>>> print(open('query_12.pdb').read())   # PDB, C-alpha atoms, pLDDT in the B column
ATOM      1  CA  MET A   1      37.527 -31.123  -6.435  1.00 53.00           C
ATOM      2  CA  ASN A   2      35.718 -33.411  -8.874  1.00 55.00           C
ATOM      3  CA  ALA A   3      32.368 -32.522 -10.475  1.00 53.00           C
ATOM      4  CA  GLU A   4      30.338 -34.817  -8.174  1.00 56.00           C
ATOM      5  CA  LYS A   5      31.721 -33.177  -5.033  1.00 55.00           C
ATOM      6  CA  GLN A   6      31.197 -29.694  -6.531  1.00 56.00           C
ATOM      7  CA  LEU A   7      27.478 -30.424  -6.690  1.00 79.00           C
ATOM      8  CA  LEU A   8      27.384 -31.446  -3.016  1.00 91.00           C
ATOM      9  CA  VAL A   9      29.264 -28.548  -1.371  1.00 94.00           C
ATOM     10  CA  ASP A  10      30.452 -25.151  -2.570  1.00 94.00           C
ATOM     11  CA  GLU A  11      34.143 -25.424  -3.520  1.00 94.00           C
ATOM     12  CA  ALA A  12      35.220 -22.524  -1.270  1.00 95.00           C
ATOM     13  CA  VAL A  13      33.451 -24.115   1.706  1.00 96.00           C
ATOM     14  CA  HIS A  14      35.081 -27.473   0.981  1.00 97.00           C
ATOM     15  CA  GLU A  15      38.545 -25.903   0.674  1.00 97.00           C
ATOM     16  CA  LYS A  16      38.077 -24.065   3.988  1.00 97.00           C
ATOM     17  CA  ILE A  17      37.009 -27.287   5.737  1.00 98.00           C
ATOM     18  CA  MET A  18      39.931 -29.280   4.365  1.00 98.00           C
ATOM     19  CA  ALA A  19      42.448 -26.524   5.221  1.00 98.00           C
ATOM     20  CA  ALA A  20      41.133 -26.485   8.793  1.00 98.00           C
ATOM     21  CA  ALA A  21      41.424 -30.276   8.909  1.00 98.00           C
ATOM     22  CA  GLU A  22      45.112 -30.087   7.909  1.00 98.00           C
ATOM     23  CA  GLU A  23      45.732 -27.438  10.569  1.00 98.00           C
ATOM     24  CA  VAL A  24      44.073 -29.514  13.299  1.00 98.00           C
ATOM     25  CA  LYS A  25      45.880 -32.685  12.169  1.00 97.00           C
ATOM     26  CA  ALA A  26      49.167 -30.813  12.609  1.00 97.00           C
ATOM     27  CA  TRP A  27      48.430 -30.520  16.353  1.00 97.00           C
ATOM     28  CA  GLY A  28      49.179 -34.250  16.621  1.00 96.00           C
ATOM     29  CA  GLU A  29      48.313 -35.844  19.948  1.00 95.00           C
ATOM     30  CA  ALA A  30      46.659 -32.997  21.835  1.00 94.00           C
ATOM     31  CA  ALA A  31      44.039 -32.432  24.523  1.00 91.00           C
ATOM     32  CA  GLU A  32      46.061 -34.542  26.958  1.00 92.00           C
ATOM     33  CA  ARG A  33      44.406 -35.156  30.297  1.00 91.00           C
ATOM     34  CA  ASP A  34      44.846 -37.425  33.259  1.00 92.00           C
ATOM     35  CA  ALA A  35      42.092 -39.618  34.632  1.00 93.00           C
ATOM     36  CA  ARG A  36      40.417 -38.168  37.726  1.00 91.00           C
ATOM     37  CA  ASP A  37      41.010 -41.374  39.651  1.00 93.00           C
ATOM     38  CA  LEU A  38      43.504 -44.187  39.613  1.00 96.00           C
ATOM     39  CA  VAL A  39      42.278 -47.509  38.225  1.00 97.00           C
ATOM     40  CA  ASN A  40      40.338 -48.876  41.187  1.00 97.00           C
ATOM     41  CA  GLN A  41      38.335 -51.934  42.182  1.00 96.00           C
ATOM     42  CA  PRO A  42      35.056 -50.182  43.159  1.00 96.00           C
ATOM     43  CA  THR A  43      34.746 -48.638  39.670  1.00 95.00           C
ATOM     44  CA  ILE A  44      35.602 -51.973  38.060  1.00 96.00           C
ATOM     45  CA  ASN A  45      32.906 -53.666  40.192  1.00 95.00           C
ATOM     46  CA  ASN A  46      30.283 -51.072  39.218  1.00 95.00           C
ATOM     47  CA  TRP A  47      31.179 -51.358  35.538  1.00 94.00           C
ATOM     48  CA  LEU A  48      31.022 -55.165  35.608  1.00 95.00           C
ATOM     49  CA  GLU A  49      27.603 -55.022  37.250  1.00 95.00           C
ATOM     50  CA  ALA A  50      26.299 -52.435  34.759  1.00 95.00           C
ATOM     51  CA  MET A  51      27.517 -54.570  31.837  1.00 93.00           C
ATOM     52  CA  GLY A  52      26.167 -57.790  33.322  1.00 93.00           C
ATOM     53  CA  LEU A  53      29.615 -59.373  33.312  1.00 90.00           C
ATOM     54  CA  GLU A  54      31.239 -61.620  35.847  1.00 87.00           C
ATOM     55  CA  SER A  55      34.834 -62.739  35.778  1.00 87.00           C
ATOM     56  CA  GLU A  56      37.055 -63.649  38.686  1.00 88.00           C
ATOM     57  CA  ARG A  57      39.989 -62.145  36.805  1.00 89.00           C
ATOM     58  CA  PHE A  58      38.523 -58.670  37.240  1.00 93.00           C
ATOM     59  CA  HIS A  59      38.292 -59.075  41.004  1.00 90.00           C
ATOM     60  CA  GLN A  60      42.017 -59.746  41.246  1.00 91.00           C
ATOM     61  CA  GLY A  61      43.523 -56.406  40.291  1.00 92.00           C
ATOM     62  CA  GLU A  62      42.925 -56.147  36.552  1.00 95.00           C
ATOM     63  CA  ALA A  63      40.364 -54.036  34.680  1.00 95.00           C
ATOM     64  CA  PRO A  64      38.522 -55.196  31.566  1.00 92.00           C
ATOM     65  CA  PRO A  65      40.369 -53.781  28.538  1.00 87.00           C
ATOM     66  CA  SER A  66      37.204 -52.130  27.239  1.00 88.00           C
ATOM     67  CA  MET A  67      37.178 -49.917  30.355  1.00 92.00           C
ATOM     68  CA  ALA A  68      40.134 -47.828  29.080  1.00 91.00           C
ATOM     69  CA  GLN A  69      37.844 -44.938  28.142  1.00 92.00           C
ATOM     70  CA  VAL A  70      35.976 -45.039  31.460  1.00 92.00           C
ATOM     71  CA  TRP A  71      38.925 -43.692  33.438  1.00 93.00           C
ATOM     72  CA  THR A  72      39.262 -40.532  31.343  1.00 93.00           C
ATOM     73  CA  MET A  73      35.638 -39.587  30.680  1.00 90.00           C
ATOM     74  CA  TYR A  74      34.790 -35.976  31.485  1.00 83.00           C
ATOM     75  CA  GLY A  75      32.059 -36.579  34.062  1.00 78.00           C
ATOM     76  CA  GLN A  76      28.970 -34.424  34.633  1.00 79.00           C
ATOM     77  CA  GLY A  77      30.677 -31.025  34.716  1.00 79.00           C
ATOM     78  CA  GLY A  78      33.585 -31.812  32.434  1.00 76.00           C
ATOM     79  CA  ARG A  79      34.602 -29.608  29.534  1.00 82.00           C
ATOM     80  CA  HIS A  80      36.858 -30.481  26.654  1.00 80.00           C
ATOM     81  CA  PRO A  81      40.038 -28.395  26.257  1.00 80.00           C
ATOM     82  CA  ASP A  82      40.109 -25.592  23.670  1.00 79.00           C
ATOM     83  CA  ARG A  83      42.610 -27.470  21.519  1.00 88.00           C
ATOM     84  CA  ASP A  84      40.698 -30.748  21.470  1.00 94.00           C
ATOM     85  CA  PRO A  85      41.061 -31.942  17.858  1.00 96.00           C
ATOM     86  CA  LEU A  86      37.670 -33.656  17.562  1.00 95.00           C
ATOM     87  CA  HIS A  87      35.707 -30.741  18.991  1.00 93.00           C
ATOM     88  CA  ALA A  88      37.728 -28.209  17.005  1.00 96.00           C
ATOM     89  CA  MET A  89      36.894 -29.983  13.738  1.00 97.00           C
ATOM     90  CA  MET A  90      33.261 -30.393  14.741  1.00 96.00           C
ATOM     91  CA  ASN A  91      33.087 -26.620  15.352  1.00 96.00           C
ATOM     92  CA  VAL A  92      34.552 -25.901  11.886  1.00 97.00           C
ATOM     93  CA  LEU A  93      31.862 -28.052  10.290  1.00 98.00           C
ATOM     94  CA  THR A  94      29.076 -26.590  12.417  1.00 97.00           C
ATOM     95  CA  ASP A  95      30.197 -23.080  11.426  1.00 97.00           C
ATOM     96  CA  ALA A  96      30.053 -24.189   7.760  1.00 97.00           C
ATOM     97  CA  GLY A  97      26.405 -25.261   8.187  1.00 97.00           C
ATOM     98  CA  PHE A  98      26.882 -28.966   8.884  1.00 97.00           C
ATOM     99  CA  ASN A  99      24.837 -29.030  12.086  1.00 96.00           C
ATOM    100  CA  GLY A 100      23.670 -32.652  12.186  1.00 96.00           C
ATOM    101  CA  VAL A 101      25.840 -35.202  13.960  1.00 96.00           C
ATOM    102  CA  LEU A 102      25.711 -38.963  13.993  1.00 94.00           C
ATOM    103  CA  GLY A 103      28.195 -41.330  15.603  1.00 90.00           C
ATOM    104  CA  THR A 104      28.922 -43.987  13.004  1.00 89.00           C
ATOM    105  CA  ASN A 105      31.465 -46.396  14.497  1.00 94.00           C
ATOM    106  CA  SER A 106      34.504 -46.897  16.677  1.00 95.00           C
ATOM    107  CA  GLU A 107      37.413 -49.305  16.495  1.00 96.00           C
ATOM    108  CA  GLN A 108      39.253 -50.105  19.695  1.00 95.00           C
ATOM    109  CA  SER A 109      42.508 -51.948  20.281  1.00 97.00           C
ATOM    110  CA  TYR A 110      44.058 -52.938  23.575  1.00 96.00           C
ATOM    111  CA  ASP A 111      47.747 -53.467  24.213  1.00 97.00           C
ATOM    112  CA  ARG A 112      47.283 -54.846  27.714  1.00 95.00           C
ATOM    113  CA  TYR A 113      44.969 -54.952  30.711  1.00 94.00           C
ATOM    114  CA  LEU A 114      45.041 -52.030  33.134  1.00 95.00           C
ATOM    115  CA  ARG A 115      45.908 -52.786  36.736  1.00 96.00           C
ATOM    116  CA  VAL A 116      44.454 -51.370  39.942  1.00 96.00           C
ATOM    117  CA  GLY A 117      46.515 -48.405  41.116  1.00 96.00           C
ATOM    118  CA  GLU A 118      47.674 -47.232  37.677  1.00 96.00           C
ATOM    119  CA  GLN A 119      47.292 -43.617  36.527  1.00 95.00           C
ATOM    120  CA  VAL A 120      45.801 -43.377  33.034  1.00 95.00           C
ATOM    121  CA  ARG A 121      46.004 -40.408  30.668  1.00 95.00           C
ATOM    122  CA  VAL A 122      44.518 -39.883  27.215  1.00 96.00           C
ATOM    123  CA  THR A 123      45.440 -37.845  24.161  1.00 96.00           C
ATOM    124  CA  THR A 124      43.359 -37.124  21.066  1.00 96.00           C
ATOM    125  CA  ALA A 125      44.421 -36.520  17.473  1.00 98.00           C
ATOM    126  CA  LEU A 126      42.486 -35.843  14.295  1.00 98.00           C
ATOM    127  CA  ASP A 127      42.931 -38.901  12.079  1.00 98.00           C
ATOM    128  CA  SER A 128      40.962 -37.921   8.962  1.00 98.00           C
ATOM    129  CA  VAL A 129      38.202 -35.833   7.444  1.00 98.00           C
ATOM    130  CA  VAL A 130      36.553 -37.377   4.376  1.00 98.00           C
ATOM    131  CA  GLY A 131      33.897 -35.810   2.207  1.00 97.00           C
ATOM    132  CA  PRO A 132      31.695 -34.447   1.130  1.00 97.00           C
ATOM    133  CA  LYS A 133      29.587 -37.563   0.889  1.00 96.00           C
ATOM    134  CA  SER A 134      25.904 -37.913   0.123  1.00 95.00           C
ATOM    135  CA  THR A 135      24.282 -40.155   2.740  1.00 95.00           C
ATOM    136  CA  GLY A 136      20.772 -41.118   3.715  1.00 93.00           C
ATOM    137  CA  MET A 137      20.979 -38.483   6.459  1.00 94.00           C
ATOM    138  CA  GLY A 138      22.185 -35.713   4.143  1.00 95.00           C
ATOM    139  CA  VAL A 139      25.433 -34.369   2.722  1.00 97.00           C
ATOM    140  CA  GLY A 140      28.345 -34.338   5.116  1.00 97.00           C
ATOM    141  CA  TYR A 141      31.865 -35.170   6.176  1.00 98.00           C
ATOM    142  CA  PHE A 142      33.128 -38.183   8.102  1.00 98.00           C
ATOM    143  CA  VAL A 143      35.450 -37.056  10.915  1.00 98.00           C
ATOM    144  CA  THR A 144      37.682 -39.645  12.561  1.00 98.00           C
ATOM    145  CA  SER A 145      39.601 -38.949  15.755  1.00 97.00           C
ATOM    146  CA  ARG A 146      42.158 -41.203  17.429  1.00 98.00           C
ATOM    147  CA  SER A 147      42.331 -41.418  21.217  1.00 97.00           C
ATOM    148  CA  THR A 148      45.359 -43.040  22.802  1.00 97.00           C
ATOM    149  CA  TRP A 149      45.529 -44.122  26.438  1.00 97.00           C
ATOM    150  CA  TYR A 150      48.801 -44.307  28.325  1.00 97.00           C
ATOM    151  CA  VAL A 151      49.952 -45.358  31.776  1.00 96.00           C
ATOM    152  CA  ARG A 152      52.788 -43.444  33.440  1.00 90.00           C
ATOM    153  CA  HIS A 153      55.407 -45.527  35.187  1.00 90.00           C
ATOM    154  CA  GLU A 154      57.441 -44.513  38.242  1.00 89.00           C
ATOM    155  CA  ASP A 155      60.534 -44.050  36.070  1.00 92.00           C
ATOM    156  CA  GLY A 156      58.647 -41.372  34.080  1.00 88.00           C
ATOM    157  CA  HIS A 157      58.176 -43.321  30.873  1.00 93.00           C
ATOM    158  CA  SER A 158      54.688 -43.728  29.401  1.00 94.00           C
ATOM    159  CA  GLU A 159      53.316 -46.975  28.021  1.00 97.00           C
ATOM    160  CA  ARG A 160      50.526 -47.037  25.452  1.00 97.00           C
ATOM    161  CA  VAL A 161      47.737 -49.345  26.665  1.00 97.00           C
ATOM    162  CA  ALA A 162      44.815 -48.737  24.275  1.00 97.00           C
ATOM    163  CA  THR A 163      43.674 -46.810  21.199  1.00 97.00           C
ATOM    164  CA  MET A 164      40.319 -45.941  19.693  1.00 97.00           C
ATOM    165  CA  LEU A 165      39.316 -44.573  16.318  1.00 97.00           C
ATOM    166  CA  PHE A 166      35.987 -42.760  16.679  1.00 96.00           C
ATOM    167  CA  ARG A 167      34.096 -41.714  13.545  1.00 97.00           C
ATOM    168  CA  VAL A 168      31.194 -39.308  13.276  1.00 97.00           C
ATOM    169  CA  LEU A 169      29.237 -37.900  10.369  1.00 97.00           C
ATOM    170  CA  LYS A 170      28.695 -34.124  10.458  1.00 97.00           C
ATOM    171  CA  PHE A 171      26.000 -33.349   7.923  1.00 97.00           C
ATOM    172  CA  VAL A 172      23.360 -30.971   6.621  1.00 96.00           C
ATOM    173  CA  PRO A 173      20.130 -32.838   7.369  1.00 94.00           C
ATOM    174  CA  LYS A 174      18.248 -33.980   4.301  1.00 88.00           C
ATOM    175  CA  VAL A 175      14.973 -32.132   3.873  1.00 82.00           C
ATOM    176  CA  THR A 176      12.092 -34.544   3.435  1.00 77.00           C
ATOM    177  CA  ALA A 177       8.715 -33.649   2.005  1.00 66.00           C
TER     178      ALA A 177
END
>>> encode(input="query_12.pdb", output="structure tokens")
Amino acid sequence: MNAEKQLLVDEAVHEKIMAAAEEVKAWGEAAERDARDLVNQPTINNWLEAMGLESERFHQGEAPPSMAQVWTMYGQGGRHPDRDPLHAMMNVLTDAGFNGVLGTNSEQSYDRYLRVGEQVRVTTALDSVVGPKSTGMGVGYFVTSRSTWYVRHEDGHSERVATMLFRVLKFVPKVTA
């Protein structure tokens, strides 16, 4: 670790964090789960209304691409699996004293529109852990996870339909006077 990083975080703490990151990355695509419901028109209608969008296309059996995540959200009582890469890495950082969290950005890509009646599933992988970095919020690590959405076909093969990189900053809040 270079001298600048040594000043930000104890070297043993940094090494422990990075070793945990490599272990979690090795899980690959994990935390697989199916959507509770098939892609359906009532949910598409509600989403369009909530977003203030109107498009005839989305009343004819296709869902807006940006809805990919909607189908696999946990819901009110949902719990992430024990081997969920993002939550596992967040726990490592929390245990190391990085208890602040700030969502920084996400990058989404869509391979195709979803169609009413399709069953969607999602997997999550740890993409990267970068740090320590000194930010306006405090010293922390940027954690990026990659979610991938698939549709299962009748012949058993899965087709990737969307991906999302989601980045958060886990940090020790800066103490202000």
>>> closest_residue(input="query_12.pdb", among="A:Asp84, A:Met67, A:Leu93, A:Pro42", to="Ala19 in chain A", atoms="only C-alpha atoms")
A:Leu93
>>> atom_distance(input="query_12.pdb", atom1="CA of Gly138 in chain A", atom2="CA of Arg79 in chain A")
28.9 Å
>>> resolve_selection(input="query_12.pdb", expression="the PyMOL selection byres ((chain A and resi 141) around 12)", output="VMD selection string")
chain A and resid 5 8 to 9 14 17 to 18 21 89 to 90 92 to 94 96 to 104 128 to 135 137 to 140 142 to 144 167 to 172
>>> atom_distance(input="query_12.pdb", atom1="CA of Pro173 in chain A", atom2="CA of Gly136 in chain A")
9.1 Å
>>> closest_residue(input="query_12.pdb", among="A:Leu86, A:Pro81, A:Ser158, A:Ala20", to="Gln119 in chain A", atoms="all atoms listed in the file")
A:Ser158
>>> residues_around(input="query_12.pdb", residues="Ala63 in chain A", least_positions_apart="2", cutoff="9 Å", atoms="all atoms listed in the file", output="list in words")
Val39, Asn40, Gln41, Ile44, Arg57, Phe58, His59, Gln60, Gly61, Pro65, Ser66, Met67, Ala68, Tyr113, Leu114, Arg115 and Val116 of chain A
>>> residues_near_point(input="query_12.pdb", point="(37.6, -39.4, 28.4)", cutoff="10 Å", atoms="all atoms listed in the file", output="ChimeraX atom specification")
/A:32-36,68-75,78,80,121-124,147,149
>>> axis_aligned_box(input="query_12.pdb", around="range 126-143 of chain A", padding_each_side="6 Å", output="AutoDock Vina command-line options")
--center_x 31.9 --center_y -37.7 --center_z 7.2 --size_x 34.2 --size_y 18.8 --size_z 26.2
>>> closest_residue(input="query_12.pdb", among="A:Pro64, A:Gly117, A:Gly52, A:Gly28", to="Arg83 in chain A", atoms="all atoms listed in the file")
A:Gly28
>>> closest_residue(input="query_12.pdb", among="A:Phe166, A:Val13, A:Trp47, A:Glu154", to="Ser106 in chain A", atoms="all atoms listed in the file")
A:Phe166
>>> closest_residue(input="query_12.pdb", among="A:Ser55, A:Gln76, A:Thr163, A:Ser145", to="Ser109 in chain A", atoms="all atoms listed in the file")
A:Thr163
>>> atom_distance(input="query_12.pdb", atom1="CA of Asp10 in chain A", atom2="CA of Lys174 in chain A")
16.6 Å
>>> closest_residue(input="query_12.pdb", among="A:Val120, A:Leu53, A:Leu7, A:Ala125", to="Glu22 in chain A", atoms="all atoms listed in the file")
A:Ala125
